[in-house]
$ cat target.cif   # mmCIF, C-alpha atoms
data_protein
loop_
_atom_site.group_PDB
_atom_site.id
_atom_site.type_symbol
_atom_site.label_atom_id
_atom_site.label_comp_id
_atom_site.auth_asym_id
_atom_site.auth_seq_id
_atom_site.Cartn_x
_atom_site.Cartn_y
_atom_site.Cartn_z
ATOM 1 C CA MET Y 27 94.530 67.868 118.777
ATOM 2 C CA ASP Y 28 93.514 70.921 120.770
ATOM 3 C CA GLU Y 29 94.750 69.345 123.987
ATOM 4 C CA GLN Y 30 98.159 68.573 122.602
ATOM 5 C CA PRO Y 31 100.758 70.507 124.542
ATOM 6 C CA LEU Y 32 102.994 72.652 122.472
ATOM 7 C CA GLN Y 33 106.601 71.670 122.022
ATOM 8 C CA GLU Y 34 106.230 68.443 123.982
ATOM 9 C CA ASP Y 35 109.114 66.981 122.050
ATOM 10 C CA ARG Y 36 111.180 70.085 122.345
ATOM 11 C CA PRO Y 37 114.520 69.499 124.039
ATOM 12 C CA THR Y 38 116.230 71.681 126.611
ATOM 13 C CA GLY Y 39 117.133 75.018 125.205
ATOM 14 C CA SER Y 40 113.590 75.515 124.029
ATOM 15 C CA ALA Y 41 111.980 78.713 125.126
ATOM 16 C CA GLN Y 42 109.219 77.732 127.530
ATOM 17 C CA PRO Y 43 108.002 74.758 129.575
ATOM 18 C CA ALA Y 44 105.604 72.750 127.421
ATOM 19 C CA SER Y 45 102.473 72.674 129.560
ATOM 20 C CA ALA Y 46 102.158 76.344 130.381
ATOM 21 C CA ASN Y 47 102.178 77.788 126.992
ATOM 22 C CA PHE Y 48 99.611 76.308 124.622
ATOM 23 C CA GLU Y 49 97.083 78.994 125.491
ATOM 24 C CA THR Y 50 99.752 81.673 125.296
ATOM 25 C CA TYR Y 51 100.740 80.279 121.916
ATOM 26 C CA ARG Y 52 97.177 80.483 120.635
ATOM 27 C CA ARG Y 53 96.663 83.974 121.998
ATOM 28 C CA GLU Y 54 99.887 85.379 120.602
ATOM 29 C CA LEU Y 55 99.352 83.615 117.291
ATOM 30 C CA GLU Y 56 95.975 85.311 117.068
ATOM 31 C CA GLN Y 57 97.579 88.714 117.703
ATOM 32 C CA LEU Y 58 99.930 88.018 114.827
ATOM 33 C CA GLN Y 59 97.069 86.863 112.609
ATOM 34 C CA LYS Y 60 95.227 90.084 113.383
ATOM 35 C CA ILE Y 61 98.035 92.422 112.415
ATOM 36 C CA ASP Y 62 98.826 90.290 109.372
ATOM 37 C CA PHE Y 63 95.217 90.564 108.291
ATOM 38 C CA VAL Y 64 95.402 94.343 108.318
ATOM 39 C CA LEU Y 65 98.683 94.228 106.397
ATOM 40 C CA TYR Y 66 97.140 91.837 103.880
ATOM 41 C CA GLU Y 67 94.168 94.109 103.397
ATOM 42 C CA LEU Y 68 96.431 97.125 102.990
ATOM 43 C CA THR Y 69 98.526 95.226 100.447
ATOM 44 C CA LEU Y 70 95.573 94.386 98.207
ATOM 45 C CA TYR Y 71 94.207 97.904 98.638
ATOM 46 C CA LEU Y 72 97.519 99.494 97.699
ATOM 47 C CA ASP Y 73 97.785 97.197 94.678
ATOM 48 C CA THR Y 74 94.892 99.156 93.189
ATOM 49 C CA HIS Y 75 95.408 102.492 95.052
ATOM 50 C CA PRO Y 76 99.195 102.969 94.916
ATOM 51 C CA THR Y 77 99.098 106.730 95.561
ATOM 52 C CA ASP Y 78 97.146 106.709 98.824
ATOM 53 C CA MET Y 79 99.742 108.303 101.107
ATOM 54 C CA GLN Y 80 97.839 107.645 104.317
ATOM 55 C CA ALA Y 81 97.508 103.948 103.531
ATOM 56 C CA ILE Y 82 101.223 103.780 102.767
ATOM 57 C CA GLN Y 83 102.078 105.388 106.109
ATOM 58 C CA GLN Y 84 99.801 102.929 107.873
ATOM 59 C CA TYR Y 85 101.387 100.073 105.956
ATOM 60 C CA ASN Y 86 104.910 101.060 106.949
ATOM 61 C CA GLN Y 87 103.998 101.647 110.595
ATOM 62 C CA LEU Y 88 102.274 98.281 110.881
ATOM 63 C CA THR Y 89 105.124 96.557 109.059
ATOM 64 C CA GLN Y 90 107.413 97.879 111.800
ATOM 65 C CA SER Y 91 105.152 96.589 114.585
ATOM 66 C CA ARG Y 92 104.693 93.285 112.799
ATOM 67 C CA LYS Y 93 108.437 92.741 112.643
ATOM 68 C CA SER Y 94 108.938 93.100 116.373
ATOM 69 C CA MET Y 95 105.791 91.108 117.159
ATOM 70 C CA ALA Y 96 106.891 88.214 114.947
ATOM 71 C CA GLN Y 97 110.381 88.320 116.427
ATOM 72 C CA ALA Y 98 108.999 88.049 119.969
ATOM 73 C CA PHE Y 99 106.696 85.232 118.890
ATOM 74 C CA GLU Y 100 109.528 83.284 117.294
ATOM 75 C CA LEU Y 101 111.728 83.663 120.383
ATOM 76 C CA LYS Y 102 109.037 81.929 122.403
ATOM 77 C CA PHE Y 103 107.604 79.419 119.962
ATOM 78 C CA GLY Y 104 110.120 78.804 117.228
ATOM 79 C CA PRO Y 105 110.474 80.011 113.641
ATOM 80 C CA LEU Y 106 107.516 81.018 111.491
ATOM 81 C CA MET Y 107 109.600 80.654 108.360
ATOM 82 C CA ALA Y 108 112.609 78.728 107.107
ATOM 83 C CA TYR Y 109 115.024 79.638 104.291
ATOM 84 C CA GLY Y 110 116.870 82.210 106.381
ATOM 85 C CA GLN Y 111 113.787 84.261 107.189
ATOM 86 C CA SER Y 112 113.845 83.267 110.889
ATOM 87 C CA PHE Y 113 116.539 82.237 113.369
ATOM 88 C CA THR Y 114 116.641 78.763 114.926
ATOM 89 C CA ARG Y 115 117.903 77.180 118.111
ATOM 90 C CA TYR Y 116 119.533 73.751 118.358
ATOM 91 C CA PRO Y 117 118.283 71.306 117.234
ATOM 92 C CA TRP Y 118 116.659 72.562 114.010
ATOM 93 C CA GLN Y 119 113.327 73.954 115.206
ATOM 94 C CA TRP Y 120 111.516 74.223 111.891
ATOM 95 C CA ILE Y 121 110.446 70.560 111.889
ATOM 96 C CA GLN Y 122 108.924 70.698 115.346
ATOM 97 C CA THR Y 123 105.167 70.519 115.885
ATOM 98 C CA PRO Y 124 102.622 71.948 115.846
ATOM 99 C CA TRP Y 125 102.021 72.556 112.170
ATOM 100 C CA PRO Y 126 99.184 74.968 111.451
ATOM 101 C CA TRP Y 127 96.487 72.322 110.971
ATOM 102 C CA GLN Y 128 97.462 70.679 114.290
ATOM 103 C CA VAL Y 129 96.713 73.762 116.350
ATOM 104 C CA MET D 28 109.505 82.290 94.675
ATOM 105 C CA TRP D 29 107.305 81.537 97.622
ATOM 106 C CA VAL D 30 108.147 81.256 101.298
ATOM 107 C CA TYR D 31 105.931 79.223 103.584
ATOM 108 C CA GLU D 32 104.712 80.677 106.841
ATOM 109 C CA LYS D 33 103.974 78.240 109.653
ATOM 110 C CA LYS D 34 100.557 79.594 110.571
ATOM 111 C CA LEU D 35 97.039 79.771 109.179
ATOM 112 C CA GLN D 36 95.745 83.043 107.786
ATOM 113 C CA TYR D 37 92.778 82.775 110.158
ATOM 114 C CA PRO D 38 92.149 80.257 112.964
ATOM 115 C CA VAL D 39 90.242 77.085 112.071
ATOM 116 C CA LYS D 40 88.318 75.415 114.871
ATOM 117 C CA VAL D 41 85.688 72.703 114.594
ATOM 118 C CA SER D 42 83.467 71.635 117.463
ATOM 119 C CA LYS D 43 82.786 68.038 116.372
ATOM 120 C CA CYS D 44 83.735 65.231 114.002
ATOM 121 C CA ASP D 45 81.513 65.719 110.930
ATOM 122 C CA THR D 46 82.330 63.592 107.904
ATOM 123 C CA ARG D 47 79.360 64.882 105.907
ATOM 124 C CA MET D 48 80.530 68.482 106.119
ATOM 125 C CA ALA D 49 84.049 67.311 105.256
ATOM 126 C CA LYS D 50 82.674 65.851 102.036
ATOM 127 C CA PHE D 51 80.847 69.065 101.134
ATOM 128 C CA LEU D 52 83.880 71.208 101.976
ATOM 129 C CA THR D 53 86.029 69.425 99.402
ATOM 130 C CA GLU D 54 84.085 71.438 96.814
ATOM 131 C CA GLN D 55 86.255 74.368 97.896
ATOM 132 C CA TYR D 56 89.391 72.207 97.917
ATOM 133 C CA GLY D 57 89.360 70.549 94.493
ATOM 134 C CA GLY D 58 86.177 71.900 92.899
ATOM 135 C CA ALA D 59 85.765 74.190 89.882
ATOM 136 C CA ASP D 60 85.428 77.359 91.977
ATOM 137 C CA GLY D 61 87.599 76.110 94.816
ATOM 138 C CA GLU D 62 90.784 77.524 96.251
ATOM 139 C CA LEU D 63 93.171 75.399 94.189
ATOM 140 C CA SER D 64 91.511 76.572 90.988
ATOM 141 C CA ALA D 65 91.633 80.154 92.209
ATOM 142 C CA ALA D 66 95.332 80.115 93.110
ATOM 143 C CA LEU D 67 96.368 78.487 89.846
ATOM 144 C CA ARG D 68 94.073 80.689 87.759
ATOM 145 C CA TYR D 69 95.435 83.992 89.058
ATOM 146 C CA LEU D 70 99.091 83.063 89.242
ATOM 147 C CA ASN D 71 98.976 81.686 85.695
ATOM 148 C CA GLN D 72 97.347 84.820 84.286
ATOM 149 C CA ARG D 73 100.115 87.067 85.621
ATOM 150 C CA TYR D 74 102.448 86.540 82.688
ATOM 151 C CA THR D 75 100.199 88.123 80.087
ATOM 152 C CA ILE D 76 98.288 90.709 82.130
ATOM 153 C CA PRO D 77 99.322 94.413 81.940
ATOM 154 C CA ASP D 78 102.030 95.372 84.462
ATOM 155 C CA ARG D 79 99.608 97.463 86.543
ATOM 156 C CA VAL D 80 97.694 94.342 87.597
ATOM 157 C CA ILE D 81 100.508 91.792 88.095
ATOM 158 C CA GLY D 82 100.943 92.698 91.770
ATOM 159 C CA LEU D 83 97.263 92.193 92.491
ATOM 160 C CA LEU D 84 97.137 88.790 90.769
ATOM 161 C CA THR D 85 100.289 87.715 92.626
ATOM 162 C CA ASP D 86 98.939 88.737 96.012
ATOM 163 C CA ILE D 87 95.433 87.342 95.602
ATOM 164 C CA GLY D 88 96.820 84.138 94.037
ATOM 165 C CA THR D 89 99.118 83.737 97.024
ATOM 166 C CA GLU D 90 96.288 84.323 99.488
ATOM 167 C CA GLU D 91 94.296 81.557 97.772
ATOM 168 C CA PHE D 92 96.960 79.062 98.837
ATOM 169 C CA ALA D 93 96.468 80.238 102.413
ATOM 170 C CA HIS D 94 92.740 79.586 101.961
ATOM 171 C CA LEU D 95 93.471 76.159 100.494
ATOM 172 C CA GLU D 96 95.361 75.358 103.682
ATOM 173 C CA MET D 97 92.418 76.526 105.791
ATOM 174 C CA ILE D 98 90.018 74.259 103.880
ATOM 175 C CA ALA D 99 92.461 71.354 104.216
ATOM 176 C CA THR D 100 92.629 72.026 107.955
ATOM 177 C CA MET D 101 88.832 71.938 108.208
ATOM 178 C CA VAL D 102 88.591 68.630 106.317
ATOM 179 C CA TYR D 103 91.444 67.163 108.349
ATOM 180 C CA LYS D 104 89.906 68.163 111.679
ATOM 181 C CA LEU D 105 86.404 67.050 110.710
ATOM 182 C CA THR D 106 87.570 63.557 109.698
ATOM 183 C CA LYS D 107 90.570 62.772 111.900
ATOM 184 C CA ASP D 108 88.544 60.995 114.589
ATOM 185 C CA ALA D 109 86.132 59.260 112.199
ATOM 186 C CA ASN D 110 86.051 55.500 111.700
ATOM 187 C CA ALA D 111 85.449 53.642 108.430
ATOM 188 C CA HIS D 112 81.731 53.374 109.126
ATOM 189 C CA GLN D 113 81.374 57.134 109.648
ATOM 190 C CA MET D 114 83.190 57.745 106.395
ATOM 191 C CA MET D 115 80.820 55.349 104.604
ATOM 192 C CA THR D 116 77.621 56.812 105.990
ATOM 193 C CA ALA D 117 78.777 60.299 104.944
ATOM 194 C CA GLY D 118 79.112 59.160 101.356
ATOM 195 C CA LEU D 119 82.892 58.979 101.665
ATOM 196 C CA GLY D 120 83.090 55.188 101.302
ATOM 197 C CA ALA D 121 84.568 55.365 97.813
ATOM 198 C CA HIS D 122 87.004 58.002 98.982
ATOM 199 C CA TYR D 123 87.999 55.873 101.967
ATOM 200 C CA ALA D 124 88.520 52.808 99.755
ATOM 201 C CA ASN D 125 90.923 54.735 97.569
ATOM 202 C CA HIS D 126 92.531 57.280 99.900
ATOM 203 C CA ASP D 127 91.827 56.315 103.503
ATOM 204 C CA LYS D 128 91.548 59.772 105.115
ATOM 205 C CA ALA D 129 94.103 61.415 102.875
ATOM 206 C CA LEU D 130 92.935 64.634 101.277
ATOM 207 C CA TYR D 131 92.544 64.610 97.542
ATOM 208 C CA TYR D 132 91.907 67.293 94.960
ATOM 209 C CA ASN D 133 88.388 66.420 93.948
ATOM 210 C CA ASN D 134 85.043 68.164 94.264
ATOM 211 C CA ALA D 135 82.276 67.278 96.697
ATOM 212 C CA GLU D 136 81.055 64.573 94.336
ATOM 213 C CA GLY D 137 84.504 63.003 94.088
ATOM 214 C CA VAL D 138 85.321 64.222 90.570
ATOM 215 C CA PRO D 139 89.094 64.867 90.354
ATOM 216 C CA TRP D 140 90.307 68.426 89.804
ATOM 217 C CA THR D 141 90.948 69.280 86.166
ATOM 218 C CA ALA D 142 92.724 72.162 84.439
ATOM 219 C CA SER D 143 89.606 72.876 82.394
ATOM 220 C CA TYR D 144 88.169 74.534 85.523
ATOM 221 C CA ILE D 145 90.398 77.534 84.850
ATOM 222 C CA GLN D 146 90.630 79.836 81.875
ATOM 223 C CA ALA D 147 93.448 81.935 80.455
ATOM 224 C CA LYS D 148 92.409 84.003 77.464
ATOM 225 C CA GLY D 149 95.330 86.397 77.263
ATOM 226 C CA ASP D 150 92.820 89.237 76.976
ATOM 227 C CA PRO D 151 93.101 91.247 80.225
ATOM 228 C CA LEU D 152 89.429 92.138 80.491
ATOM 229 C CA ALA D 153 88.250 88.623 79.621
ATOM 230 C CA ASP D 154 90.607 87.187 82.231
ATOM 231 C CA LEU D 155 89.611 89.675 84.928
ATOM 232 C CA TYR D 156 85.895 89.129 84.319
ATOM 233 C CA GLU D 157 86.559 85.401 84.654
ATOM 234 C CA ASP D 158 88.269 86.128 87.973
ATOM 235 C CA ILE D 159 85.392 88.265 89.239
ATOM 236 C CA ALA D 160 82.926 85.507 88.319
ATOM 237 C CA ALA D 161 85.094 82.915 90.057
ATOM 238 C CA GLU D 162 85.144 84.979 93.255
ATOM 239 C CA GLU D 163 81.372 85.440 93.164
ATOM 240 C CA LYS D 164 80.839 81.713 92.647
ATOM 241 C CA ALA D 165 83.179 80.873 95.513
ATOM 242 C CA ARG D 166 81.355 83.381 97.723
ATOM 243 C CA ALA D 167 78.052 81.669 96.899
ATOM 244 C CA THR D 168 79.514 78.234 97.660
ATOM 245 C CA TYR D 169 80.750 79.457 101.039
ATOM 246 C CA GLN D 170 77.246 80.691 101.804
ATOM 247 C CA TRP D 171 75.722 77.275 100.962
ATOM 248 C CA LEU D 172 78.352 75.607 103.145
ATOM 249 C CA ILE D 173 77.606 77.957 106.055
ATOM 250 C CA ASP D 174 73.901 77.164 105.639
ATOM 251 C CA MET D 175 74.562 73.418 105.838
ATOM 252 C CA THR D 176 76.326 73.332 109.209
ATOM 253 C CA ASP D 177 75.310 74.245 112.750
ATOM 254 C CA ASP D 178 78.925 74.164 113.949
ATOM 255 C CA VAL D 179 79.511 77.779 114.972
ATOM 256 C CA ASP D 180 83.293 77.387 115.033
ATOM 257 C CA LEU D 181 83.310 76.063 111.486
ATOM 258 C CA GLN D 182 80.873 78.769 110.413
ATOM 259 C CA ASP D 183 83.225 81.411 111.799
ATOM 260 C CA SER D 184 86.117 80.305 109.584
ATOM 261 C CA LEU D 185 83.818 79.879 106.568
ATOM 262 C CA LYS D 186 82.466 83.399 107.055
ATOM 263 C CA PHE D 187 86.007 84.745 106.997
ATOM 264 C CA LEU D 188 86.591 82.993 103.669
ATOM 265 C CA ARG D 189 83.274 84.250 102.290
ATOM 266 C CA GLU D 190 84.249 87.829 103.131
ATOM 267 C CA ARG D 191 87.621 87.408 101.445
ATOM 268 C CA GLU D 192 85.878 86.443 98.200
ATOM 269 C CA ILE D 193 83.957 89.714 98.365
ATOM 270 C CA ILE D 194 87.150 91.736 98.806
ATOM 271 C CA HIS D 195 88.910 89.882 96.000
ATOM 272 C CA ALA D 196 86.004 90.489 93.618
ATOM 273 C CA LEU D 197 86.064 94.177 94.572
ATOM 274 C CA ARG D 198 89.797 94.474 93.855
ATOM 275 C CA PHE D 199 89.412 92.693 90.525
ATOM 276 C CA ARG D 200 86.648 95.148 89.588
ATOM 277 C CA GLU D 201 89.040 97.984 90.390
ATOM 278 C CA ALA D 202 91.652 96.307 88.196
ATOM 279 C CA VAL D 203 89.156 96.286 85.305
ATOM 280 C CA GLU D 204 88.685 100.033 85.735
ATOM 281 C CA ILE D 205 92.447 100.588 85.874
ATOM 282 C CA ILE D 206 92.914 98.746 82.589
ATOM 283 C CA LYS D 207 90.044 100.612 80.936
ATOM 284 C CA ALA D 208 91.474 103.947 82.089
ATOM 285 C CA ASP D 209 94.924 103.031 80.782
ATOM 286 C CA ARG D 210 93.403 102.225 77.404
ATOM 287 C CA GLU D 211 91.566 105.540 77.295
ATOM 288 C CA GLN D 212 94.762 107.387 78.126
ATOM 289 C CA LYS D 213 96.603 105.633 75.319
ATOM 290 C CA LYS D 214 93.928 106.760 72.859
ATOM 291 C CA VAL D 215 94.416 110.399 73.900
ATOM 292 C CA TYR D 216 98.101 110.480 73.009
#
$ encode --input "target.cif" --output "structure tokens"
Amino acid sequence: MDEQPLQEDRPTGSAQPASANFETYRRELEQLQKIDFVLYELTLYLDTHPTDMQAIQQYNQLTQSRKSMAQAFELKFGPLMAYGQSFTRYPWQWIQTPWPWQV
Amino acid sequence: MWVYEKKLQYPVKVSKCDTRMAKFLTEQYGGADGELSAALRYLNQRYTIPDRVIGLLTDIGTEEFAHLEMIATMVYKLTKDANAHQMMTAGLGAHYANHDKALYYNNAEGVPWTASYIQAKGDPLADLYEDIAAEEKARATYQWLIDMTDDVDLQDSLKFLREREIIHALRFREAVEIIKADREQKKVY
């Protein structure tokens, strides 16, 4: 599955040519996973330390960066979420591969 | 409600087809101390736990579903190129006869998941101690799984999951202290 090019069934109007971007996809996904990990850690930490001002500042700063990072990622590779949490091109991009276990 | 995100919490790579490891990994899919049990245990306890701890149970319970997806990805990748014979020699013959290569919520021995794996006592401390124990047991299982494979890619993802169990147990211990402190404060007034 690792060799499978991303978005091979993606029609015109999709962001990038299929062949070039599987490595880019993996690399940028990993960047997103990294920042999300920190945000996840901060979330659990703040659940039990809700008055740690420094952690809250860090949380809000990283939330800001995460938003723009995810937006850039979705422009290139399609929506991370459905239900109105992400925009879509035509045709409906949500159902396009790869799903997480196919990466 | 929950909103699905189209990515894994942490990358899952495997370097070879390994049906034996796939069988062992199902312990963390549909076993007593597995990720399904964990997610359902915490999310179910939220309704009767003191308000101060609901957020923590929600967030850890949600993360467990992300871990469940990582385990499923491991099992899927380890078996997708296997033939019937490889399934049989790994001890997955009975599974193959019933499910082909579909995943199923059972433990490594093939026993189907059951609700009796999880407890809900309604007593906050009893429930949180149950949760701490569950995290410690899952951590131990991840260690045994790491010990059983020489696939460094698989080990990398399993180590991530092992570390998460440690963090979850730590946060649950903090929650115990929060509840104890709240009780002490109530006595003062």
$ interface_residues --input "target.cif" --of "chain Y" --to "chain D" --cutoff "8 Å" --atoms "only C-alpha atoms" --output "PDB file with C-alpha atoms, keeping the file's coordinate frame"
ATOM      1  CA  LEU Y  55      99.352  83.615 117.291  1.00  0.00           C
ATOM      2  CA  GLU Y  56      95.975  85.311 117.068  1.00  0.00           C
ATOM      3  CA  GLN Y  59      97.069  86.863 112.609  1.00  0.00           C
ATOM      4  CA  PHE Y  63      95.217  90.564 108.291  1.00  0.00           C
ATOM      5  CA  THR Y  69      98.526  95.226 100.447  1.00  0.00           C
ATOM      6  CA  LEU Y  70      95.573  94.386  98.207  1.00  0.00           C
ATOM      7  CA  TYR Y  71      94.207  97.904  98.638  1.00  0.00           C
ATOM      8  CA  ASP Y  73      97.785  97.197  94.678  1.00  0.00           C
ATOM      9  CA  THR Y  74      94.892  99.156  93.189  1.00  0.00           C
ATOM     10  CA  PRO Y 105     110.474  80.011 113.641  1.00  0.00           C
ATOM     11  CA  LEU Y 106     107.516  81.018 111.491  1.00  0.00           C
ATOM     12  CA  MET Y 107     109.600  80.654 108.360  1.00  0.00           C
ATOM     13  CA  ALA Y 108     112.609  78.728 107.107  1.00  0.00           C
ATOM     14  CA  TYR Y 109     115.024  79.638 104.291  1.00  0.00           C
ATOM     15  CA  TRP Y 125     102.021  72.556 112.170  1.00  0.00           C
ATOM     16  CA  PRO Y 126      99.184  74.968 111.451  1.00  0.00           C
ATOM     17  CA  TRP Y 127      96.487  72.322 110.971  1.00  0.00           C
TER      18      TRP Y 127
END
$ resolve_selection --input "target.cif" --expression "the PyMOL selection byres ((chain Y and resi 101) around 12)" --output "JSON, numbers by chain"
{"Y": [39, 40, 41, 42, 51, 54, 94, 95, 96, 97, 98, 99, 100, 102, 103, 104, 105, 106, 112, 113, 114, 115, 119]}
$ closest_residue --input "target.cif" --among "D:Lys43, D:Leu188, D:Glu157, D:Val203" --to "Ile145 of chain D" --atoms "only C-alpha atoms"
D:Glu157
$ residues_around --input "target.cif" --residues "Lys148 of chain D" --least-positions-apart "6" --cutoff "10 Å" --atoms "all atoms listed in the file" --output "number ranges by chain"
D: 72, 75, 154-155, 157
$ atom_distance --input "target.cif" --atom1 "atom CA of Gln80 of chain Y" --atom2 "atom CA of Glu192 of chain D"
25.1 Å
$ atom_distance --input "target.cif" --atom1 "atom CA of Gly120 of chain D" --atom2 "atom CA of Gly137 of chain D"
10.7 Å
$ residues_around --input "target.cif" --residues "Gly58 of chain D" --least-positions-apart "4" --cutoff "12 Å" --atoms "all atoms listed in the file" --output "ChimeraX atom specification"
/D:50-54,62-65,95,98,131-145,161,164-165,168
$ closest_residue --input "target.cif" --among "D:Lys186, D:Gln146, D:Asp177, D:Arg210" --to "Asp158 of chain D" --atoms "all atoms listed in the file"
D:Gln146
$ resolve_selection --input "target.cif" --expression "the PyMOL selection byres ((chain Y and resi 84) around 12)" --output "PDB file with C-alpha atoms, keeping the file's coordinate frame"
ATOM      1  CA  ILE Y  61      98.035  92.422 112.415  1.00  0.00           C
ATOM      2  CA  VAL Y  64      95.402  94.343 108.318  1.00  0.00           C
ATOM      3  CA  LEU Y  65      98.683  94.228 106.397  1.00  0.00           C
ATOM      4  CA  GLU Y  67      94.168  94.109 103.397  1.00  0.00           C
ATOM      5  CA  LEU Y  68      96.431  97.125 102.990  1.00  0.00           C
ATOM      6  CA  THR Y  69      98.526  95.226 100.447  1.00  0.00           C
ATOM      7  CA  TYR Y  71      94.207  97.904  98.638  1.00  0.00           C
ATOM      8  CA  LEU Y  72      97.519  99.494  97.699  1.00  0.00           C
ATOM      9  CA  ASP Y  78      97.146 106.709  98.824  1.00  0.00           C
ATOM     10  CA  MET Y  79      99.742 108.303 101.107  1.00  0.00           C
ATOM     11  CA  GLN Y  80      97.839 107.645 104.317  1.00  0.00           C
ATOM     12  CA  ALA Y  81      97.508 103.948 103.531  1.00  0.00           C
ATOM     13  CA  ILE Y  82     101.223 103.780 102.767  1.00  0.00           C
ATOM     14  CA  GLN Y  83     102.078 105.388 106.109  1.00  0.00           C
ATOM     15  CA  TYR Y  85     101.387 100.073 105.956  1.00  0.00           C
ATOM     16  CA  ASN Y  86     104.910 101.060 106.949  1.00  0.00           C
ATOM     17  CA  GLN Y  87     103.998 101.647 110.595  1.00  0.00           C
ATOM     18  CA  LEU Y  88     102.274  98.281 110.881  1.00  0.00           C
ATOM     19  CA  THR Y  89     105.124  96.557 109.059  1.00  0.00           C
ATOM     20  CA  GLN Y  90     107.413  97.879 111.800  1.00  0.00           C
ATOM     21  CA  SER Y  91     105.152  96.589 114.585  1.00  0.00           C
ATOM     22  CA  ARG Y  92     104.693  93.285 112.799  1.00  0.00           C
TER      23      ARG Y  92
END
$ atom_distance --input "target.cif" --atom1 "atom CA of Glu49 of chain Y" --atom2 "atom CA of Leu130 of chain D"
28.5 Å
